[in-house]
>>> print(open('input.cif').read())   # mmCIF, C-alpha atoms
data_run
loop_
_atom_site.label_atom_id
_atom_site.label_comp_id
_atom_site.auth_asym_id
_atom_site.auth_seq_id
_atom_site.Cartn_x
_atom_site.Cartn_y
_atom_site.Cartn_z
CA MET A 1 -31.85 2.87 -118.00
CA SER A 2 -28.10 2.50 -118.38
CA GLU A 3 -26.22 -0.27 -116.65
CA CYS A 4 -25.22 0.45 -113.04
CA SER A 5 -21.63 1.69 -112.72
CA HIS A 6 -21.68 1.11 -108.93
CA ASN A 7 -20.61 4.73 -108.50
CA CYS A 8 -23.34 6.28 -106.35
CA SER A 9 -22.20 9.83 -107.15
CA GLU A 10 -23.22 9.32 -110.77
CA CYS A 11 -26.63 7.66 -110.36
CA GLY A 12 -30.07 9.25 -110.27
CA SER A 13 -32.69 9.23 -107.53
CA ASP A 14 -34.59 6.46 -109.32
CA CYS A 15 -31.66 4.06 -109.21
CA SER A 16 -32.80 0.63 -108.01
CA GLU A 17 -29.87 0.51 -105.60
CA ARG A 18 -31.40 3.53 -103.85
CA THR A 19 -35.07 2.61 -104.07
CA SER A 20 -34.97 -1.15 -103.42
CA PRO A 21 -34.91 -2.41 -99.80
CA GLN A 22 -31.36 -3.34 -98.81
CA SER A 23 -30.70 -6.42 -96.68
CA LEU A 24 -28.72 -5.82 -93.48
CA LEU A 25 -28.02 -9.52 -92.93
CA GLU A 26 -24.43 -10.34 -92.11
CA LYS A 27 -22.73 -13.32 -93.75
CA LEU A 28 -22.34 -16.36 -91.54
CA ASN A 29 -18.82 -17.64 -90.94
CA PRO A 30 -17.91 -19.49 -94.16
CA ASN A 31 -17.00 -22.68 -92.26
CA SER A 32 -20.40 -22.81 -90.57
CA SER A 33 -23.95 -23.84 -91.39
CA VAL A 34 -26.91 -22.85 -89.22
CA LYS A 35 -30.33 -24.12 -90.27
CA LYS A 36 -32.52 -22.17 -87.84
CA VAL A 37 -31.97 -19.20 -85.51
CA ILE A 38 -34.30 -18.72 -82.53
CA GLY A 39 -34.12 -15.57 -80.40
CA VAL A 40 -35.12 -15.55 -76.73
CA VAL A 41 -36.25 -12.07 -75.72
CA SER A 42 -37.97 -10.01 -73.05
CA GLY A 43 -38.93 -6.41 -72.51
CA LYS A 44 -37.05 -6.36 -69.18
CA GLY A 45 -34.23 -8.08 -67.33
CA GLY A 46 -34.23 -10.72 -64.64
CA VAL A 47 -37.10 -12.79 -65.99
CA GLY A 48 -35.15 -15.91 -67.00
CA LYS A 49 -34.14 -15.53 -70.65
CA SER A 50 -30.86 -17.38 -70.10
CA LEU A 51 -32.71 -20.13 -68.25
CA VAL A 52 -35.23 -20.61 -71.06
CA THR A 53 -32.49 -20.41 -73.71
CA SER A 54 -30.44 -23.09 -71.97
CA LEU A 55 -33.43 -25.35 -71.39
CA LEU A 56 -34.63 -25.09 -74.99
CA ALA A 57 -31.17 -25.79 -76.40
CA SER A 58 -30.80 -28.78 -74.07
CA GLU A 59 -34.25 -30.09 -74.97
CA MET A 60 -33.54 -29.94 -78.70
CA GLN A 61 -30.09 -31.50 -78.19
CA LYS A 62 -31.75 -34.43 -76.39
CA LYS A 63 -33.93 -34.93 -79.47
CA GLY A 64 -30.82 -35.52 -81.56
CA PHE A 65 -30.34 -32.06 -83.07
CA LYS A 66 -27.02 -30.24 -83.10
CA CYS A 67 -27.54 -27.07 -81.06
CA ALA A 68 -25.63 -23.93 -80.22
CA VAL A 69 -26.18 -20.96 -77.91
CA MET A 70 -25.02 -17.46 -78.76
CA ASP A 71 -24.91 -15.36 -75.59
CA ALA A 72 -25.84 -11.93 -76.97
CA ASP A 73 -26.24 -10.44 -73.49
CA ILE A 74 -22.77 -8.90 -73.66
CA THR A 75 -22.91 -6.92 -70.42
CA GLY A 76 -24.66 -9.63 -68.39
CA PRO A 77 -23.50 -13.00 -69.74
CA SER A 78 -24.63 -16.10 -67.87
CA ILE A 79 -24.78 -18.92 -70.44
CA PRO A 80 -21.34 -20.43 -69.62
CA LYS A 81 -22.29 -20.62 -65.94
CA MET A 82 -25.52 -22.45 -66.81
CA PHE A 83 -23.54 -25.18 -68.58
CA GLY A 84 -20.60 -25.29 -66.15
CA VAL A 85 -18.15 -23.99 -68.76
CA HIS A 86 -15.21 -21.92 -67.52
CA GLU A 87 -12.53 -22.60 -70.13
CA LYS A 88 -11.62 -19.88 -72.61
CA ALA A 89 -12.50 -19.90 -76.28
CA LYS A 90 -9.56 -20.27 -78.65
CA GLY A 91 -9.03 -19.08 -82.19
CA ASN A 92 -6.62 -18.05 -84.90
CA ASP A 93 -6.12 -14.97 -87.06
CA ASP A 94 -9.34 -15.68 -88.98
CA GLU A 95 -11.78 -17.42 -86.64
CA ILE A 96 -12.93 -17.97 -83.07
CA PHE A 97 -13.78 -21.50 -81.95
CA PRO A 98 -16.82 -22.00 -79.69
CA VAL A 99 -16.56 -24.01 -76.50
CA SER A 100 -18.59 -27.20 -76.24
CA ALA A 101 -20.58 -27.96 -73.11
CA GLU A 102 -20.49 -31.47 -71.63
CA ASN A 103 -23.62 -32.45 -73.58
CA GLY A 104 -22.19 -31.22 -76.90
CA ILE A 105 -23.95 -27.85 -77.20
CA LYS A 106 -21.62 -25.24 -78.69
CA LEU A 107 -21.39 -21.97 -76.76
CA MET A 108 -20.07 -18.50 -77.45
CA SER A 109 -20.17 -15.76 -74.84
CA ILE A 110 -18.09 -12.73 -74.01
CA ASN A 111 -17.22 -14.49 -70.75
CA LEU A 112 -15.37 -17.11 -72.79
CA LEU A 113 -13.12 -14.36 -74.16
CA LEU A 114 -12.43 -12.32 -71.02
CA GLU A 115 -9.35 -13.05 -68.92
CA ASN A 116 -11.49 -12.95 -65.79
CA GLU A 117 -15.18 -13.94 -66.04
CA THR A 118 -16.11 -11.42 -63.32
CA GLU A 119 -14.56 -8.57 -65.30
CA PRO A 120 -17.25 -5.99 -66.21
CA VAL A 121 -17.89 -5.15 -69.86
CA VAL A 122 -18.07 -1.35 -69.93
CA TRP A 123 -18.80 -0.76 -73.60
CA ARG A 124 -21.08 1.59 -75.51
CA GLY A 125 -23.90 0.35 -77.71
CA PRO A 126 -22.09 0.25 -81.10
CA VAL A 127 -19.21 -1.79 -79.65
CA ILE A 128 -21.65 -4.23 -78.03
CA SER A 129 -23.53 -4.59 -81.31
CA GLY A 130 -20.25 -5.21 -83.09
CA ALA A 131 -19.39 -8.03 -80.69
CA VAL A 132 -22.76 -9.70 -81.33
CA THR A 133 -22.22 -9.45 -85.09
CA GLN A 134 -18.76 -10.99 -84.74
CA PHE A 135 -20.24 -13.94 -82.87
CA TRP A 136 -22.09 -14.66 -86.13
CA THR A 137 -19.43 -13.80 -88.70
CA ASP A 138 -16.19 -14.81 -86.96
CA VAL A 139 -17.11 -17.88 -84.90
CA ARG A 140 -16.62 -21.26 -86.56
CA TRP A 141 -19.85 -22.88 -85.44
CA GLY A 142 -19.67 -25.90 -87.75
CA ASN A 143 -22.91 -27.62 -88.70
CA ILE A 144 -25.75 -26.49 -86.43
CA ASP A 145 -29.44 -27.39 -86.63
CA TYR A 146 -30.67 -24.85 -84.07
CA MET A 147 -28.93 -21.77 -82.75
CA PHE A 148 -30.58 -20.15 -79.74
CA VAL A 149 -29.69 -16.51 -79.12
CA ASP A 150 -29.90 -15.29 -75.53
CA MET A 151 -30.71 -11.59 -75.94
CA SER A 152 -30.08 -8.70 -73.60
CA PRO A 153 -33.17 -7.09 -71.98
CA GLY A 154 -35.34 -4.62 -73.85
CA THR A 155 -35.64 -3.54 -77.46
CA GLY A 156 -32.39 -1.61 -77.91
CA ASP A 157 -29.10 -2.07 -79.75
CA VAL A 158 -28.61 -5.81 -79.25
CA ALA A 159 -32.19 -6.76 -80.18
CA LEU A 160 -32.05 -4.61 -83.29
CA THR A 161 -28.63 -6.00 -84.26
CA VAL A 162 -29.78 -9.61 -83.87
CA PHE A 163 -33.09 -9.07 -85.67
CA GLN A 164 -31.49 -7.24 -88.60
CA SER A 165 -28.09 -8.96 -88.89
CA LEU A 166 -29.06 -12.59 -88.26
CA PRO A 167 -31.67 -14.62 -90.20
CA VAL A 168 -33.96 -15.06 -87.17
CA ASP A 169 -36.65 -17.67 -87.83
CA GLY A 170 -38.70 -16.87 -84.72
CA ILE A 171 -38.59 -15.60 -81.16
CA VAL A 172 -39.65 -16.86 -77.76
CA VAL A 173 -40.81 -14.17 -75.32
CA VAL A 174 -40.03 -14.66 -71.61
CA ALA A 175 -41.85 -12.94 -68.75
CA SER A 176 -42.37 -13.30 -65.00
CA PRO A 177 -45.51 -12.80 -62.87
CA GLN A 178 -46.17 -9.11 -62.29
CA GLU A 179 -48.60 -6.37 -63.18
CA LEU A 180 -46.31 -5.04 -65.91
CA VAL A 181 -46.09 -8.35 -67.77
CA GLU A 182 -48.62 -7.50 -70.49
CA MET A 183 -46.88 -4.23 -71.36
CA ILE A 184 -43.45 -5.91 -71.33
CA VAL A 185 -44.60 -8.74 -73.58
CA ALA A 186 -46.35 -6.31 -75.93
CA LYS A 187 -43.12 -4.32 -76.42
CA ALA A 188 -41.20 -7.42 -77.50
CA VAL A 189 -44.04 -8.66 -79.72
CA ASN A 190 -44.49 -5.27 -81.39
CA MET A 191 -40.79 -5.06 -82.20
CA ALA A 192 -40.91 -8.54 -83.74
CA ASP A 193 -43.95 -7.53 -85.78
CA MET A 194 -42.17 -4.42 -87.05
CA LEU A 195 -39.33 -6.61 -88.35
CA ASP A 196 -41.63 -9.38 -89.60
CA ILE A 197 -40.34 -12.06 -87.22
CA PRO A 198 -42.76 -14.76 -85.96
CA VAL A 199 -43.46 -15.08 -82.23
CA LEU A 200 -43.39 -18.79 -81.43
CA GLY A 201 -44.56 -18.65 -77.84
CA LEU A 202 -44.66 -16.94 -74.45
CA VAL A 203 -42.96 -18.50 -71.42
CA GLU A 204 -43.84 -17.28 -67.95
CA ASN A 205 -41.02 -18.10 -65.55
CA MET A 206 -41.59 -18.60 -61.79
CA ALA A 207 -45.30 -18.89 -62.54
CA TYR A 208 -46.28 -21.14 -59.63
CA PHE A 209 -45.05 -23.49 -56.93
CA GLU A 210 -46.28 -27.08 -56.92
CA CYS A 211 -46.68 -28.64 -53.49
CA PRO A 212 -44.55 -31.84 -53.38
CA ASP A 213 -47.15 -33.56 -51.19
CA CYS A 214 -50.57 -32.74 -52.66
CA HIS A 215 -49.31 -31.45 -56.06
CA SER A 216 -51.60 -28.44 -55.92
CA ARG A 217 -50.36 -25.27 -57.62
CA HIS A 218 -49.80 -22.09 -55.65
CA TYR A 219 -49.33 -18.86 -57.61
CA ILE A 220 -47.16 -17.20 -54.98
CA PHE A 221 -46.20 -14.23 -57.18
CA GLY A 222 -49.70 -13.66 -58.51
CA ASN A 223 -51.80 -15.41 -61.11
CA THR A 224 -51.02 -13.68 -64.42
CA PRO A 225 -53.90 -13.73 -66.95
CA ILE A 226 -51.82 -15.58 -69.55
CA GLY A 227 -54.85 -16.37 -71.68
CA LYS A 228 -55.74 -12.69 -72.07
CA ILE A 229 -52.14 -11.72 -72.83
CA LEU A 230 -51.86 -14.40 -75.50
CA LEU A 231 -55.09 -13.21 -77.09
CA ASP A 232 -54.20 -9.51 -76.93
CA CYS A 233 -50.71 -10.07 -78.34
CA GLY A 234 -51.70 -12.64 -80.94
CA ILE A 235 -49.52 -15.43 -79.53
CA ASP A 236 -50.71 -19.02 -80.00
CA LEU A 237 -48.77 -20.80 -77.25
CA GLY A 238 -48.21 -19.94 -73.60
CA LEU A 239 -46.19 -22.03 -71.11
CA GLU A 240 -45.53 -21.77 -67.39
CA ILE A 241 -42.28 -22.68 -65.63
CA PRO A 242 -42.72 -23.58 -61.96
CA VAL A 243 -40.59 -22.44 -59.06
CA ASP A 244 -38.45 -25.55 -58.53
CA PRO A 245 -35.46 -25.79 -56.15
CA LYS A 246 -34.06 -28.59 -58.32
CA LEU A 247 -33.98 -26.26 -61.33
CA ALA A 248 -32.19 -23.59 -59.32
CA ALA A 249 -29.67 -26.18 -58.11
CA ALA A 250 -29.02 -27.37 -61.67
CA CYS A 251 -28.24 -23.78 -62.72
CA ASP A 252 -25.90 -23.25 -59.78
CA LYS A 253 -24.05 -26.51 -60.49
CA GLY A 254 -23.71 -25.76 -64.20
CA GLU A 255 -25.84 -28.79 -65.04
CA ILE A 256 -28.86 -27.17 -66.64
CA TRP A 257 -28.73 -29.73 -69.44
CA LYS A 258 -29.44 -32.54 -66.97
CA TYR A 259 -32.74 -31.02 -65.85
CA ASP A 260 -35.90 -32.59 -67.27
CA ALA A 261 -38.36 -29.93 -68.47
CA PRO A 262 -41.46 -31.71 -69.86
CA TRP A 263 -43.47 -28.46 -69.88
CA LEU A 264 -41.27 -27.22 -72.75
CA GLU A 265 -42.28 -30.07 -75.04
CA ALA A 266 -45.04 -28.12 -76.81
CA LEU A 267 -42.71 -25.21 -77.53
CA ALA A 268 -39.95 -27.55 -78.71
CA SER A 269 -42.43 -29.10 -81.14
CA ILE A 270 -43.38 -25.69 -82.56
CA ILE A 271 -39.71 -24.77 -82.98
CA ASN A 272 -39.12 -28.05 -84.80
CA GLU A 273 -42.13 -27.54 -87.09
CA ASN A 274 -41.38 -23.94 -88.12
#
>>> encode(input="input.cif", output="structure tokens")
Amino acid sequence: MSECSHNCSECGSDCSERTSPQSLLEKLNPNSSVKKVIGVVSGKGGVGKSLVTSLLASEMQKKGFKCAVMDADITGPSIPKMFGVHEKAKGNDDEIFPVSAENGIKLMSINLLLENETEPVVWRGPVISGAVTQFWTDVRWGNIDYMFVDMSPGTGDVALTVFQSLPVDGIVVVASPQELVEMIVAKAVNMADMLDIPVLGLVENMAYFECPDCHSRHYIFGNTPIGKILLDCGIDLGLEIPVDPKLAAACDKGEIWKYDAPWLEALASIINEN
């Protein structure tokens, strides 16, 4: 076979450039280094992806790792609020600079670029996907050990963009107690399987309330059969986050990083090992 001329109009159907799988990965900002990328996903909205993302990043930061959070939920950003960050991101003609939270975690969110953080983002899918890609290619992250990506709900444009454009090392699936949980989890897991991305664990948010007096657990939103879901979906680790007024207060104050979440330790260990 003759040497490739890089002119597709001249090549045959057996050309390796046509038959070989082509990588869709985007190049990371040249002034950045990210060792591991962890996506936090769910098949539906309102289950606590931003909460889990913020807690995991804070937990790994406490262990001495340099962490960052990419808020890929372009139309419903909430990461800056979690960390009490309201200042705007700055940049130059070539790069955007992330904003650092009080505990040192680097953040990038569309809310850090908007003039007014309550301004709605009324964009179509391709524009939203482009913004997510730019958070990877144009933001000067610096040296990061773990980047946690807070995804938008479902398995649409943003999920596909993140899974194909970023070198995702694994995902964490988030759910809440309800009859639909198994189907919702299965959708996220099946998409990850299609793109050959490991599922590191399942986190059920608002799983139970622990009585402050007797410390008994009350499953006020229903007792989800987590064990069966883990088995059916082939997930090794399942965790439950309790309903805790202190956690809600930490989110409202923008002090999520101060909250102690010992029930995430097992998942943090798996993230560190993979």
>>> resolve_selection(input="input.cif", expression="the PyMOL selection byres ((chain A and resi 253-257) around 7)", output="NGL selection string")
:A and (54-55 or 58 or 81-84 or 249-252 or 258-259)
>>> resolve_selection(input="input.cif", expression="the PyMOL selection byres ((chain A and resi 182) around 12)", output="JSON, numbers by chain")
{"A": [42, 43, 44, 173, 174, 175, 176, 177, 178, 179, 180, 181, 183, 184, 185, 186, 187, 188, 189, 190, 202, 204, 224, 225, 226, 227, 228, 229, 230, 231, 232, 233]}
>>> atom_distance(input="input.cif", atom1="atom CA of A:Ile220", atom2="atom CA of A:Leu267")
24.3 Å
>>> resolve_selection(input="input.cif", expression="the PyMOL selection byres ((chain A and resi 85-90) around 9)", output="JSON, numbers by chain")
{"A": [79, 80, 81, 82, 83, 84, 91, 92, 95, 96, 97, 98, 99, 100, 101, 102, 107, 108, 109, 111, 112, 113, 114, 115, 117, 254]}
>>> closest_residue(input="input.cif", among="A:Phe163, A:Phe65, A:Phe148, A:Trp123", to="A:Ile197", atoms="only C-alpha atoms")
A:Phe163
>>> residues_around(input="input.cif", residues="A:Ser50", least_positions_apart="2", cutoff="7 Å", atoms="all atoms listed in the file", output="NGL selection string")
:A and (48 or 52-54 or 78-79 or 150)
>>> closest_residue(input="input.cif", among="A:Asp93, A:Glu59, A:Asp213, A:Glu26", to="A:Leu264", atoms="all atoms listed in the file")
A:Glu59
